[in-house]
file data26.txt (compact mmCIF, C-alpha atoms)
# COMPACT_ATOMS: atom_id res chain seq x y z
CA MET A 785 164.34 -182.82 156.77
CA THR A 786 161.72 -180.36 158.02
CA SER A 787 158.25 -181.82 158.36
CA THR A 788 155.30 -179.84 157.00
CA GLN A 789 152.85 -181.74 159.18
CA VAL A 790 149.69 -179.77 159.95
CA VAL A 791 149.63 -178.82 163.64
CA LEU A 792 146.74 -176.39 164.01
CA GLU A 793 143.82 -175.46 161.77
CA ALA A 794 141.06 -172.87 161.94
CA ILE A 795 138.00 -173.74 159.88
CA GLY A 796 135.28 -171.12 159.51
CA LEU A 797 136.42 -169.51 162.77
CA THR A 798 133.95 -166.85 163.92
CA LYS A 799 133.73 -164.57 166.96
CA HIS A 800 130.96 -162.07 167.70
CA PHE A 801 131.14 -160.04 170.91
CA PRO A 802 127.74 -159.05 172.34
CA VAL A 803 127.24 -155.31 172.83
CA ARG A 804 125.75 -153.95 176.05
CA ARG A 805 122.17 -153.01 175.26
CA SER A 806 120.28 -149.86 176.17
CA LEU A 807 116.86 -150.03 177.85
CA ARG A 808 115.20 -149.34 174.51
CA GLN A 809 117.02 -152.29 172.91
CA ILE A 810 116.12 -154.54 175.85
CA PHE A 811 112.41 -153.76 175.51
CA ARG A 812 112.57 -154.16 171.74
CA LYS A 813 114.53 -157.41 172.16
CA GLU A 814 117.27 -156.13 169.87
CA HIS A 815 120.56 -158.02 169.94
CA SER A 816 123.70 -156.29 168.70
CA ALA A 817 127.16 -157.77 168.38
CA VAL A 818 130.60 -156.79 167.16
CA HIS A 819 131.47 -159.03 164.22
CA ALA A 820 135.14 -159.23 165.17
CA VAL A 821 136.02 -162.36 163.17
CA ASP A 822 133.98 -164.06 160.45
CA ASP A 823 134.71 -167.31 158.60
CA VAL A 824 138.50 -167.40 159.04
CA HIS A 825 140.41 -170.34 157.59
CA LEU A 826 144.11 -170.88 158.22
CA THR A 827 146.56 -173.75 158.63
CA LEU A 828 149.77 -173.84 160.68
CA ARG A 829 152.38 -176.43 159.70
CA ARG A 830 155.58 -177.55 161.38
CA GLY A 831 158.64 -175.59 160.33
CA ARG A 832 156.64 -172.81 158.66
CA VAL A 833 155.54 -169.28 159.52
CA VAL A 834 152.15 -167.87 158.55
CA ALA A 835 151.79 -164.08 158.79
CA LEU A 836 148.38 -162.54 159.48
CA VAL A 837 148.47 -158.92 158.30
CA GLY A 838 146.02 -156.06 158.65
CA GLU A 839 145.48 -152.64 160.18
CA SER A 840 144.45 -152.09 163.79
CA GLY A 841 140.94 -153.38 164.50
CA SER A 842 140.94 -155.91 161.67
CA GLY A 843 140.55 -158.87 164.06
CA LYS A 844 144.10 -160.27 163.94
CA SER A 845 144.63 -160.46 167.71
CA THR A 846 141.17 -161.93 168.19
CA VAL A 847 142.12 -164.76 165.84
CA ALA A 848 145.23 -165.46 167.94
CA ARG A 849 143.24 -165.49 171.19
CA LEU A 850 140.68 -167.81 169.66
CA LEU A 851 143.42 -170.20 168.54
CA ALA A 852 144.93 -170.03 172.04
CA GLN A 853 141.44 -170.85 173.39
CA LEU A 854 141.46 -167.70 175.52
CA TYR A 855 138.10 -166.71 173.99
CA PRO A 856 135.18 -169.06 173.37
CA ARG A 857 134.33 -169.09 169.68
CA THR A 858 130.94 -168.17 168.23
CA GLY A 859 131.30 -170.57 165.33
CA GLY A 860 133.71 -172.67 163.32
CA ASP A 861 136.23 -175.25 164.46
CA ILE A 862 139.80 -175.43 165.77
CA ARG A 863 141.62 -178.67 165.02
CA LEU A 864 144.84 -179.80 166.67
CA HIS A 865 146.47 -182.55 164.59
CA GLY A 866 143.14 -183.03 162.84
CA ALA A 867 141.08 -183.46 166.01
CA SER A 868 138.44 -180.88 166.90
CA THR A 869 139.29 -179.17 170.18
CA SER A 870 137.22 -177.25 172.69
CA VAL A 871 138.55 -176.57 176.19
CA ASN A 872 136.72 -175.15 179.18
CA GLY A 873 139.59 -174.53 181.58
CA GLY A 874 141.27 -176.94 183.98
CA ARG A 875 143.23 -179.91 182.71
CA GLY A 876 141.87 -179.66 179.19
CA PHE A 877 143.20 -176.14 178.80
CA ARG A 878 146.55 -177.08 180.36
CA ALA A 879 146.97 -179.99 177.96
CA TYR A 880 146.13 -177.72 175.02
CA ALA A 881 148.47 -174.95 176.23
CA ALA A 882 151.30 -177.47 176.43
CA ARG A 883 151.12 -177.71 172.64
CA VAL A 884 149.95 -174.21 171.65
CA GLN A 885 151.56 -171.18 173.31
CA MET A 886 150.99 -167.46 172.83
CA ILE A 887 153.52 -164.61 172.88
CA PHE A 888 151.85 -161.30 173.66
CA GLN A 889 152.54 -157.89 172.17
CA ASP A 890 153.71 -156.09 175.32
CA PRO A 891 156.33 -158.08 177.28
CA PHE A 892 156.16 -155.73 180.25
CA ALA A 893 152.42 -156.30 180.63
CA SER A 894 152.67 -160.07 180.12
CA LEU A 895 155.33 -160.54 182.84
CA ASN A 896 154.35 -160.03 186.48
CA PRO A 897 156.50 -157.11 187.69
CA VAL A 898 156.70 -158.36 191.30
CA HIS A 899 158.32 -161.69 190.35
CA THR A 900 161.80 -162.49 189.09
CA ILE A 901 162.69 -164.09 185.79
CA ARG A 902 163.51 -167.26 187.72
CA TYR A 903 159.94 -167.37 189.04
CA HIS A 904 158.34 -166.89 185.61
CA LEU A 905 160.40 -169.62 183.95
CA THR A 906 160.22 -172.05 186.88
CA ARG A 907 156.44 -171.76 186.96
CA ALA A 908 156.19 -172.53 183.23
CA LEU A 909 158.46 -175.56 183.57
CA LYS A 910 156.64 -176.93 186.63
CA ILE A 911 153.11 -176.44 185.27
CA HIS A 912 154.02 -178.49 182.20
CA HIS A 913 156.23 -180.99 184.08
CA ASN A 914 159.36 -180.12 182.11
CA THR A 915 161.83 -179.48 184.93
CA GLY A 916 163.60 -182.80 184.45
CA ASP A 917 166.08 -183.93 187.09
CA ASP A 918 167.82 -180.56 187.34
CA LEU A 919 165.68 -177.42 187.50
CA GLU A 920 168.67 -175.09 187.35
CA ALA A 921 169.94 -176.76 184.20
CA ALA A 922 166.48 -176.48 182.63
CA LEU A 923 166.37 -172.74 183.44
CA HIS A 924 169.82 -172.22 181.94
CA GLU A 925 168.78 -174.10 178.80
CA LEU A 926 165.69 -171.91 178.32
CA LEU A 927 167.66 -168.66 178.62
CA GLY A 928 170.36 -170.05 176.35
CA ARG A 929 167.77 -170.80 173.67
CA VAL A 930 166.74 -167.14 173.58
CA SER A 931 170.35 -165.89 173.70
CA LEU A 932 170.21 -164.42 177.21
CA THR A 933 173.65 -165.48 178.39
CA PRO A 934 175.18 -165.99 180.82
CA PRO A 935 171.89 -167.11 182.46
CA GLU A 936 173.08 -166.14 185.94
CA ARG A 937 172.94 -162.50 184.91
CA TYR A 938 169.18 -162.62 184.25
CA LEU A 939 167.56 -165.26 186.48
CA ASP A 940 167.26 -163.16 189.62
CA LYS A 941 166.35 -159.88 187.94
CA PHE A 942 162.87 -158.37 187.79
CA PRO A 943 161.22 -157.46 184.46
CA HIS A 944 161.76 -153.71 184.96
CA GLU A 945 165.51 -154.31 185.17
CA LEU A 946 165.61 -155.63 181.60
CA SER A 947 165.31 -153.85 178.27
CA GLY A 948 162.22 -154.31 176.11
CA GLY A 949 164.02 -156.77 173.84
CA GLN A 950 165.30 -158.78 176.80
CA ARG A 951 161.80 -158.91 178.32
CA GLN A 952 160.36 -160.23 175.07
CA ARG A 953 163.07 -162.89 174.94
CA VAL A 954 162.08 -163.93 178.48
CA ALA A 955 158.44 -164.12 177.34
CA ILE A 956 159.51 -166.35 174.44
CA ALA A 957 161.57 -168.52 176.83
CA ARG A 958 158.54 -168.87 179.10
CA ALA A 959 156.45 -170.06 176.14
CA LEU A 960 159.17 -172.57 175.22
CA GLY A 961 159.00 -173.93 178.77
CA ALA A 962 155.85 -175.80 177.73
CA ARG A 963 157.70 -177.39 174.79
CA PRO A 964 154.94 -176.35 172.36
CA GLU A 965 154.42 -177.36 168.77
CA ALA A 966 152.84 -174.03 167.75
CA LEU A 967 153.60 -170.44 168.74
CA LEU A 968 151.04 -167.64 168.30
CA ALA A 969 153.07 -164.43 168.19
CA ASP A 970 150.80 -161.38 168.50
CA GLU A 971 152.82 -158.44 167.12
CA PRO A 972 155.89 -159.62 169.09
CA VAL A 973 158.14 -156.78 167.95
CA SER A 974 155.77 -153.80 167.65
CA MET A 975 156.53 -152.57 171.20
CA LEU A 976 160.30 -152.81 170.71
CA ASP A 977 162.82 -150.30 169.43
CA VAL A 978 163.34 -150.52 165.68
CA SER A 979 167.01 -151.35 166.22
CA ILE A 980 166.23 -154.62 168.05
CA ARG A 981 163.18 -155.86 166.17
CA LEU A 982 165.26 -157.75 163.62
CA GLY A 983 167.10 -159.61 166.36
CA VAL A 984 163.86 -160.92 167.87
CA LEU A 985 162.51 -161.96 164.47
CA ASN A 986 165.78 -163.76 163.72
CA LEU A 987 165.50 -165.51 167.09
CA LEU A 988 161.98 -166.72 166.26
CA ARG A 989 163.16 -167.91 162.84
CA ASP A 990 166.05 -169.80 164.45
CA LEU A 991 163.70 -171.42 166.98
CA LYS A 992 161.32 -172.38 164.19
CA GLU A 993 164.10 -174.18 162.37
CA ARG A 994 165.77 -175.80 165.39
CA LEU A 995 162.56 -176.90 167.14
CA ASN A 996 160.46 -177.42 163.99
CA LEU A 997 157.76 -175.09 165.30
CA ALA A 998 154.62 -173.87 163.56
CA ILE A 999 154.34 -170.10 164.01
CA LEU A 1000 151.50 -167.63 163.47
CA TYR A 1001 153.03 -164.16 163.15
CA ILE A 1002 150.53 -161.33 163.59
CA THR A 1003 151.62 -157.92 162.35
CA HIS A 1004 150.45 -154.68 160.74
CA ASP A 1005 153.83 -154.42 158.96
CA ILE A 1006 153.49 -156.22 155.66
CA ALA A 1007 157.18 -155.65 154.88
CA SER A 1008 158.24 -157.77 157.87
CA ALA A 1009 155.80 -160.46 156.75
CA ARG A 1010 157.73 -160.77 153.49
CA TYR A 1011 161.01 -161.08 155.40
CA PHE A 1012 159.86 -163.50 158.09
CA ALA A 1013 156.88 -165.55 156.87
CA ASP A 1014 156.48 -168.33 154.35
CA GLU A 1015 152.79 -167.55 153.79
CA THR A 1016 150.90 -164.28 154.24
CA LEU A 1017 147.19 -163.84 154.88
CA VAL A 1018 145.61 -160.39 154.73
CA MET A 1019 142.66 -159.51 156.96
CA TYR A 1020 140.24 -156.59 156.76
CA ALA A 1021 137.30 -155.83 159.07
CA GLY A 1022 137.13 -159.37 160.43
CA ARG A 1023 137.43 -161.21 157.10
CA MET A 1024 140.28 -162.71 155.10
CA VAL A 1025 140.74 -160.92 151.77
CA GLU A 1026 143.92 -162.40 150.27
CA GLY A 1027 146.44 -165.15 150.86
CA GLY A 1028 149.38 -166.96 149.32
CA ASP A 1029 153.13 -167.30 149.62
CA SER A 1030 154.66 -164.17 151.11
CA GLU A 1031 156.75 -163.21 148.09
CA THR A 1032 153.72 -163.29 145.78
CA VAL A 1033 151.32 -161.48 148.11
CA THR A 1034 153.77 -158.68 148.93
CA GLN A 1035 155.26 -158.23 145.46
CA THR A 1036 152.21 -158.82 143.25
CA PRO A 1037 149.22 -158.07 145.51
CA ALA A 1038 145.81 -158.80 144.04
CA HIS A 1039 143.25 -157.34 146.44
CA PRO A 1040 142.85 -153.52 146.46
CA TYR A 1041 143.20 -153.53 150.26
CA THR A 1042 146.54 -155.36 150.10
CA ARG A 1043 147.73 -152.78 147.60
CA LEU A 1044 146.63 -150.06 150.01
CA LEU A 1045 148.64 -151.63 152.83
CA ILE A 1046 151.75 -151.84 150.67
CA ASP A 1047 151.34 -148.31 149.33
CA SER A 1048 150.97 -147.04 152.90
CA ALA A 1049 154.29 -148.53 154.01
CA PRO A 1050 157.26 -146.12 154.05
CA ASP A 1051 159.14 -146.32 150.76
CA PRO A 1052 161.96 -143.90 149.78
CA ASP A 1053 161.16 -144.40 146.08
CA ARG A 1054 157.77 -142.71 146.53
CA LEU A 1055 159.48 -139.62 147.87
CA THR A 1056 161.32 -139.08 144.60
CA GLY A 1057 158.45 -138.58 142.21
CA ASN A 1058 156.09 -141.58 142.28
CA ALA A 1059 153.87 -140.45 145.16
CA GLY A 1060 151.27 -138.71 142.99
CA GLU A 1061 151.04 -141.71 140.72
CA LEU A 1062 150.15 -144.01 143.61
CA ALA A 1063 147.89 -141.64 145.52
CA THR A 1064 144.91 -142.25 143.24
CA ASP A 1065 144.94 -145.95 144.13
CA ARG A 1066 144.67 -145.35 147.87
CA GLY A 1067 141.40 -146.04 149.67
CA ASN A 1068 139.85 -143.17 151.55
CA GLY A 1069 137.87 -143.12 154.78
CA GLU A 1070 137.90 -145.28 157.88
CA PRO A 1071 137.30 -149.01 158.45
CA PRO A 1072 133.58 -149.81 158.79
CA SER A 1073 131.66 -150.37 161.99
CA LEU A 1074 131.74 -154.05 162.89
CA ILE A 1075 128.45 -153.76 164.76
CA GLU A 1076 126.70 -153.14 161.46
CA PRO A 1077 129.27 -154.18 158.83
CA PRO A 1078 128.62 -153.30 155.18
CA THR A 1079 126.81 -155.80 153.01
CA GLY A 1080 128.80 -157.51 150.30
CA CYS A 1081 132.53 -156.85 150.43
CA ARG A 1082 133.43 -155.04 153.64
CA PHE A 1083 136.08 -153.02 151.81
CA HIS A 1084 133.74 -151.66 149.13
CA PRO A 1085 133.07 -148.25 150.82
CA ARG A 1086 136.81 -147.48 150.55
CA CYS A 1087 137.66 -149.39 147.39
CA PRO A 1088 138.56 -147.30 144.31
CA MET A 1089 137.63 -150.26 142.07
CA ALA A 1090 134.28 -151.22 143.61
CA MET A 1091 131.54 -152.51 141.32
CA ALA A 1092 127.80 -152.70 141.93
CA ARG A 1093 128.13 -156.36 142.81
CA CYS A 1094 130.61 -155.54 145.59
CA THR A 1095 127.91 -153.74 147.57
CA THR A 1096 125.55 -156.73 147.68
CA ASP A 1097 127.42 -160.03 147.22
CA LEU A 1098 129.96 -161.40 149.67
CA PRO A 1099 133.14 -162.22 147.66
CA VAL A 1100 134.37 -165.80 147.49
CA ARG A 1101 137.99 -166.91 147.28
CA ILE A 1102 139.17 -166.80 143.67
CA GLU A 1103 142.51 -168.26 142.53
CA ILE A 1104 144.86 -165.67 141.04
CA GLY A 1105 147.23 -166.13 138.11
CA ASP A 1106 149.61 -169.07 137.76
CA ARG A 1107 150.95 -169.15 141.34
CA PRO A 1108 149.36 -172.10 143.17
CA GLY A 1109 147.73 -171.12 146.43
CA HIS A 1110 147.46 -167.37 145.67
CA TRP A 1111 143.86 -166.24 146.09
CA ALA A 1112 141.82 -163.09 146.69
CA ALA A 1113 138.25 -162.62 147.91
CA CYS A 1114 137.48 -160.00 145.28
CA TRP A 1115 134.96 -159.86 142.45
CA LEU A 1116 137.53 -158.18 140.18
CA TYR A 1117 138.87 -161.66 139.49
CA ASP A 1118 135.53 -163.13 138.53
CA GLN A 1119 136.42 -162.39 134.92
CA GLU A 1120 133.06 -163.08 133.32
CA LYS A 1121 131.16 -160.79 135.71
CA ALA A 1122 133.88 -158.13 135.71
CA ALA A 1123 133.83 -157.97 131.90
CA SER A 1124 130.04 -157.56 131.87
CA GLU A 1125 130.35 -154.56 134.20
CA GLY A 1126 133.07 -152.98 132.08
CA VAL A 1127 136.00 -153.57 134.44
CA ALA A 1128 139.28 -154.72 132.88

call {"tool": "encode", "arguments": {"input": "data26.txt", "output": "structure tokens"}}
result
Amino acid sequence: MTSTQVVLEAIGLTKHFPVRRSLRQIFRKEHSAVHAVDDVHLTLRRGRVVALVGESGSGKSTVARLLAQLYPRTGGDIRLHGASTSVNGGRGFRAYAARVQMIFQDPFASLNPVHTIRYHLTRALKIHHNTGDDLEAALHELLGRVSLTPPERYLDKFPHELSGGQRQRVAIARALGARPEALLADEPVSMLDVSIRLGVLNLLRDLKERLNLAILYITHDIASARYFADETLVMYAGRMVEGGDSETVTQTPAHPYTRLLIDSAPDPDRLTGNAGELATDRGNGEPPSLIEPPTGCRFHPRCPMAMARCTTDLPVRIEIGDRPGHWAACWLYDQEKAASEGVA
């Protein structure tokens, strides 16, 4: 039986990056910052996949790097098996990385081009003391887990001698060398050919089931979130706007931004007569500046259903319908207030 034990939690996770100040700002003692991530809550459980979805610049990758402890956080807490964690390099970081590993978007950039596959995997095994009595057998096992067989064909090759899909499989094998409990996959298939993306997602699903891993899957493709993830969280301009089980969020989206994401995905049905019907629901304009984010709901400048309250009050999470766990941070679902403003 698959355990749903909580492995990793983010509670009120916040990251603000300071902006380089001009001389005028220095003399005026002005302090500016990019509000990359604000008040993010998420939970990763064994044997389950959580998808974090949003357009470029929404803060998804920053969340992954915060959870991997590659960035210091501005606020909030990260809990590993319920215990608050904060690492400052050295042994503390190594112990944390043994349990939480990250898979980066570009496998060619994340693998050192001057070293062989053998070097990359051996280093991962040795750092985390997982070589066992037979290093060669451990290397073969890692490559077998990611379906790169026979292992002898790949061990002494350099990254540039492999295809993009093979490189990403090596990157996954390297992460598995630590024997982690959680994988943070930052758009792991976006740099790959469309024809091989499904194979890598199926590999991650198989590893999740066989090794009982907790996986955070970061993507801008909400359709793949429905296919791959058990739970989907939607992020806009540094804040979470909707969450719930993947089927509910992708098939009956509640937040106007989630609807925009789904409407923006390629769909042959919209090419046969429904496009005009959906166009009126699409948000216009660009995402806001995160140095001076909008007050209230950050989506309100683009939202076709914005109310006066949306421009001043920060939305809270409101439970949606009869599906447990489905929520949206949107004042449209505060029924009493919405009715008073004439919104159905």

call {"tool": "atom_distance", "arguments": {"input": "data26.txt", "atom1": "CA of Arg863 in chain A", "atom2": "CA of Leu792 in chain A"}}
result
5.7 Å

call {"tool": "atom_distance", "arguments": {"input": "data26.txt", "atom1": "CA of Ile980 in chain A", "atom2": "CA of Ser894 in chain A"}}
result
19.0 Å

call {"tool": "residues_near_point", "arguments": {"input": "data26.txt", "point": "(154.6, -159.4, 186.3)", "cutoff": "6 Å", "atoms": "only C-alpha atoms", "output": "VMD selection string"}}
result
chain A and resid 895 to 899

call {"tool": "write_last_selection", "arguments": {"input": "data26.txt", "atoms": "C-alpha atoms", "output": "compact mmCIF listing (two decimals), in the frame of the given file"}}
result
# COMPACT_ATOMS: atom_id res chain seq x y z
CA LEU A 895 155.33 -160.54 182.84
CA ASN A 896 154.35 -160.03 186.48
CA PRO A 897 156.50 -157.11 187.69
CA VAL A 898 156.70 -158.36 191.30
CA HIS A 899 158.32 -161.69 190.35

call {"tool": "atom_distance", "arguments": {"input": "data26.txt", "atom1": "CA of Ile1075 in chain A", "atom2": "CA of Ser816 in chain A"}}
result
6.7 Å

call {"tool": "residues_around", "arguments": {"input": "data26.txt", "residues": "range 913-922 of chain A", "least_positions_apart": "2", "cutoff": "10 Å", "atoms": "all atoms listed in the file", "output": "PDB file with C-alpha atoms, keeping the file's coordinate frame"}}
result
ATOM      1  CA  ALA A 882     151.300-177.470 176.430  1.00  0.00           C
ATOM      2  CA  ARG A 902     163.510-167.260 187.720  1.00  0.00           C
ATOM      3  CA  LEU A 905     160.400-169.620 183.950  1.00  0.00           C
ATOM      4  CA  THR A 906     160.220-172.050 186.880  1.00  0.00           C
ATOM      5  CA  ARG A 907     156.440-171.760 186.960  1.00  0.00           C
ATOM      6  CA  ALA A 908     156.190-172.530 183.230  1.00  0.00           C
ATOM      7  CA  LEU A 909     158.460-175.560 183.570  1.00  0.00           C
ATOM      8  CA  LYS A 910     156.640-176.930 186.630  1.00  0.00           C
ATOM      9  CA  ILE A 911     153.110-176.440 185.270  1.00  0.00           C
ATOM     10  CA  HIS A 924     169.820-172.220 181.940  1.00  0.00           C
ATOM     11  CA  GLU A 925     168.780-174.100 178.800  1.00  0.00           C
ATOM     12  CA  LEU A 926     165.690-171.910 178.320  1.00  0.00           C
ATOM     13  CA  LEU A 927     167.660-168.660 178.620  1.00  0.00           C
ATOM     14  CA  GLY A 928     170.360-170.050 176.350  1.00  0.00           C
ATOM     15  CA  PRO A 935     171.890-167.110 182.460  1.00  0.00           C
ATOM     16  CA  LEU A 939     167.560-165.260 186.480  1.00  0.00           C
ATOM     17  CA  GLY A 961     159.000-173.930 178.770  1.00  0.00           C
ATOM     18  CA  ALA A 962     155.850-175.800 177.730  1.00  0.00           C
ATOM     19  CA  ARG A 963     157.700-177.390 174.790  1.00  0.00           C
TER      20      ARG A 963
END

call {"tool": "closest_residue", "arguments": {"input": "data26.txt", "among": "A:Val833, A:Ala879, A:Ala1090, A:Met1019", "to": "Lys992 in chain A", "atoms": "all atoms listed in the file"}}
result
A:Val833

call {"tool": "closest_residue", "arguments": {"input": "data26.txt", "among": "A:Ser868, A:Thr788, A:Ser840, A:Asn986", "to": "Tyr880 in chain A", "atoms": "only C-alpha atoms"}}
result
A:Ser868

call {"tool": "closest_residue", "arguments": {"input": "data26.txt", "among": "A:Ala1049, A:Ile887, A:Leu850, A:Ala959", "to": "Val973 in chain A", "atoms": "all atoms listed in the file"}}
result
A:Ile887

call {"tool": "closest_residue", "arguments": {"input": "data26.txt", "among": "A:His944, A:Arg857, A:Arg989, A:His904", "to": "Val930 in chain A", "atoms": "all atoms listed in the file"}}
result
A:Arg989
